[in-house]
$ cat coords-v7.pdb   # PDB, C-alpha atoms
ATOM      1  CA  MET A   1     -34.338-218.391  50.325
ATOM      2  CA  CYS A   2     -32.448-221.463  51.570
ATOM      3  CA  LYS A   3     -31.201-221.493  55.121
ATOM      4  CA  MET A   4     -27.621-222.792  55.294
ATOM      5  CA  LYS A   5     -27.000-225.610  57.721
ATOM      6  CA  LYS A   6     -24.402-224.729  60.337
ATOM      7  CA  SER A   7     -21.397-227.046  60.250
ATOM      8  CA  ARG A   8     -20.804-229.170  63.303
ATOM      9  CA  PHE A   9     -17.309-230.035  64.423
ATOM     10  CA  PRO A  10     -16.016-232.382  67.108
ATOM     11  CA  LYS A  11     -15.177-230.869  70.487
ATOM     12  CA  GLY A  12     -12.069-228.719  70.195
ATOM     13  CA  TRP A  13     -12.356-228.362  66.431
ATOM     14  CA  ASP A  14     -13.529-225.431  64.325
ATOM     15  CA  GLU A  15     -13.437-224.459  60.670
ATOM     16  CA  LYS A  16     -10.016-222.834  61.023
ATOM     17  CA  ARG A  17      -8.501-226.016  62.463
ATOM     18  CA  VAL A  18     -10.088-228.190  59.762
ATOM     19  CA  LYS A  19      -8.702-225.928  57.039
ATOM     20  CA  ARG A  20      -5.242-226.022  58.655
ATOM     21  CA  VAL A  21      -5.255-229.842  58.741
ATOM     22  CA  LEU A  22      -6.512-230.075  55.146
ATOM     23  CA  ALA A  23      -3.820-227.655  53.976
ATOM     24  CA  HIS A  24      -1.152-229.756  55.717
ATOM     25  CA  TYR A  25      -2.186-232.953  53.935
ATOM     26  CA  GLU A  26      -2.858-231.305  50.578
ATOM     27  CA  LYS A  27       0.670-229.852  50.372
ATOM     28  CA  GLN A  28       2.332-233.028  51.680
ATOM     29  CA  THR A  29       4.430-235.013  49.208
ATOM     30  CA  GLU A  30       4.048-238.793  48.905
ATOM     31  CA  GLU A  31       7.429-239.205  50.605
ATOM     32  CA  GLU A  32       6.372-237.003  53.531
ATOM     33  CA  ALA A  33       3.078-238.891  53.874
ATOM     34  CA  LEU A  34       4.896-242.223  53.871
ATOM     35  CA  ALA A  35       7.377-240.996  56.492
ATOM     36  CA  GLU A  36       4.496-239.794  58.678
ATOM     37  CA  ASP A  37       2.738-243.159  58.368
ATOM     38  CA  GLU A  38       5.919-245.088  59.159
ATOM     39  CA  ALA A  39       6.582-242.908  62.215
ATOM     40  CA  ALA A  40       3.121-243.733  63.525
ATOM     41  CA  TYR A  41       3.900-247.459  63.319
ATOM     42  CA  GLU A  42       7.239-246.944  65.104
ATOM     43  CA  ASP A  43       5.646-245.165  68.111
ATOM     44  CA  LYS A  44       6.005-247.728  70.904
ATOM     45  CA  THR A  45       3.520-245.898  73.172
ATOM     46  CA  GLN A  46       0.594-246.719  70.878
ATOM     47  CA  THR A  47      -0.625-249.552  68.694
ATOM     48  CA  ILE A  48      -2.794-249.935  65.650
ATOM     49  CA  ILE A  49      -5.502-252.604  65.624
ATOM     50  CA  GLU A  50      -8.514-253.549  63.567
ATOM     51  CA  ILE A  51     -11.849-253.569  65.342
ATOM     52  CA  PRO A  52     -15.361-254.222  64.090
ATOM     53  CA  VAL A  53     -17.105-251.048  62.940
ATOM     54  CA  GLN A  54     -19.853-251.659  65.487
ATOM     55  CA  LEU A  55     -17.299-251.234  68.309
ATOM     56  CA  VAL A  56     -15.742-247.962  67.142
ATOM     57  CA  SER A  57     -17.928-245.666  69.277
ATOM     58  CA  THR A  58     -17.397-247.869  72.351
ATOM     59  CA  VAL A  59     -13.629-247.903  71.860
ATOM     60  CA  ARG A  60     -13.590-244.125  71.385
ATOM     61  CA  GLU A  61     -15.485-243.714  74.656
ATOM     62  CA  LEU A  62     -12.981-245.948  76.459
ATOM     63  CA  ILE A  63     -10.070-243.971  75.048
ATOM     64  CA  ALA A  64     -11.689-240.675  76.090
ATOM     65  CA  LYS A  65     -12.228-242.002  79.636
ATOM     66  CA  HIS A  66      -8.631-243.223  79.796
ATOM     67  CA  GLN A  67      -7.320-239.858  78.606
ATOM     68  CA  ALA A  68      -9.503-237.989  81.117
ATOM     69  CA  ILE A  69      -8.275-240.150  84.006
ATOM     70  CA  HIS A  70      -4.661-239.793  82.863
ATOM     71  CA  HIS A  71      -5.089-236.014  82.564
ATOM     72  CA  LEU A  72      -6.557-235.771  86.080
ATOM     73  CA  LYS A  73      -3.733-237.883  87.513
ATOM     74  CA  THR A  74      -1.087-235.810  85.722
ATOM     75  CA  THR A  75      -2.707-232.581  86.920
ATOM     76  CA  ALA A  76      -2.845-233.860  90.517
ATOM     77  CA  ASP A  77       0.777-235.034  90.361
ATOM     78  CA  ASN A  78       1.889-231.615  89.114
ATOM     79  CA  ARG A  79       0.225-229.897  92.066
ATOM     80  CA  GLY A  80       2.523-231.793  94.424
TER      81      GLY A  80
END
$ encode --input "coords-v7.pdb" --output "C-alpha cells"
Amino acid sequence: MCKMKKSRFPKGWDEKRVKRVLAHYEKQTEEEALAEDEAAYEDKTQTIIEIPVQLVSTVRELIAKHQAIHHLKTTADNRG
C-alpha cells in the first residue's frame, strides 16, 4: 500500500484556505480579474518590480522582516 505524502503549506495556510482562494479565482470573470489587477497597480502604498529569480528568497526574507518590525511597532504604539 502506498503512503500518501502529507501536503505542506506556507505558514498561516491550510487546505481550506487554498481551496477558498482557488474557488475565488475559478469563479472570477475576465472583467473582475482585470479590475483586480488594475487595482493592484493603482495602490500607491506598494510597487511592482522585476527581480532576478535568484533574489526572490532574499527579497521575501526582507519583506517578512519589515512586516515583523512594522507589526511590533504598531503593537507597541497601540499599547500607549
$ atom_distance --input "coords-v7.pdb" --atom1 "atom CA of A:Gln54" --atom2 "atom CA of A:Arg17"
28.2 Å
$ axis_aligned_box --input "coords-v7.pdb" --around "stretch 38-47 of chain A" --padding-each-side "3 Å" --output "AutoDock Vina command-line options"
--center_x 3.3 --center_y -246.2 --center_z 66.2 --size_x 13.9 --size_y 12.6 --size_z 20.0
$ atom_distance --input "coords-v7.pdb" --atom1 "atom CA of A:Ala64" --atom2 "atom CA of A:Glu50"
18.2 Å
$ atom_distance --input "coords-v7.pdb" --atom1 "atom CA of A:Phe9" --atom2 "atom CA of A:Ala23"
17.2 Å
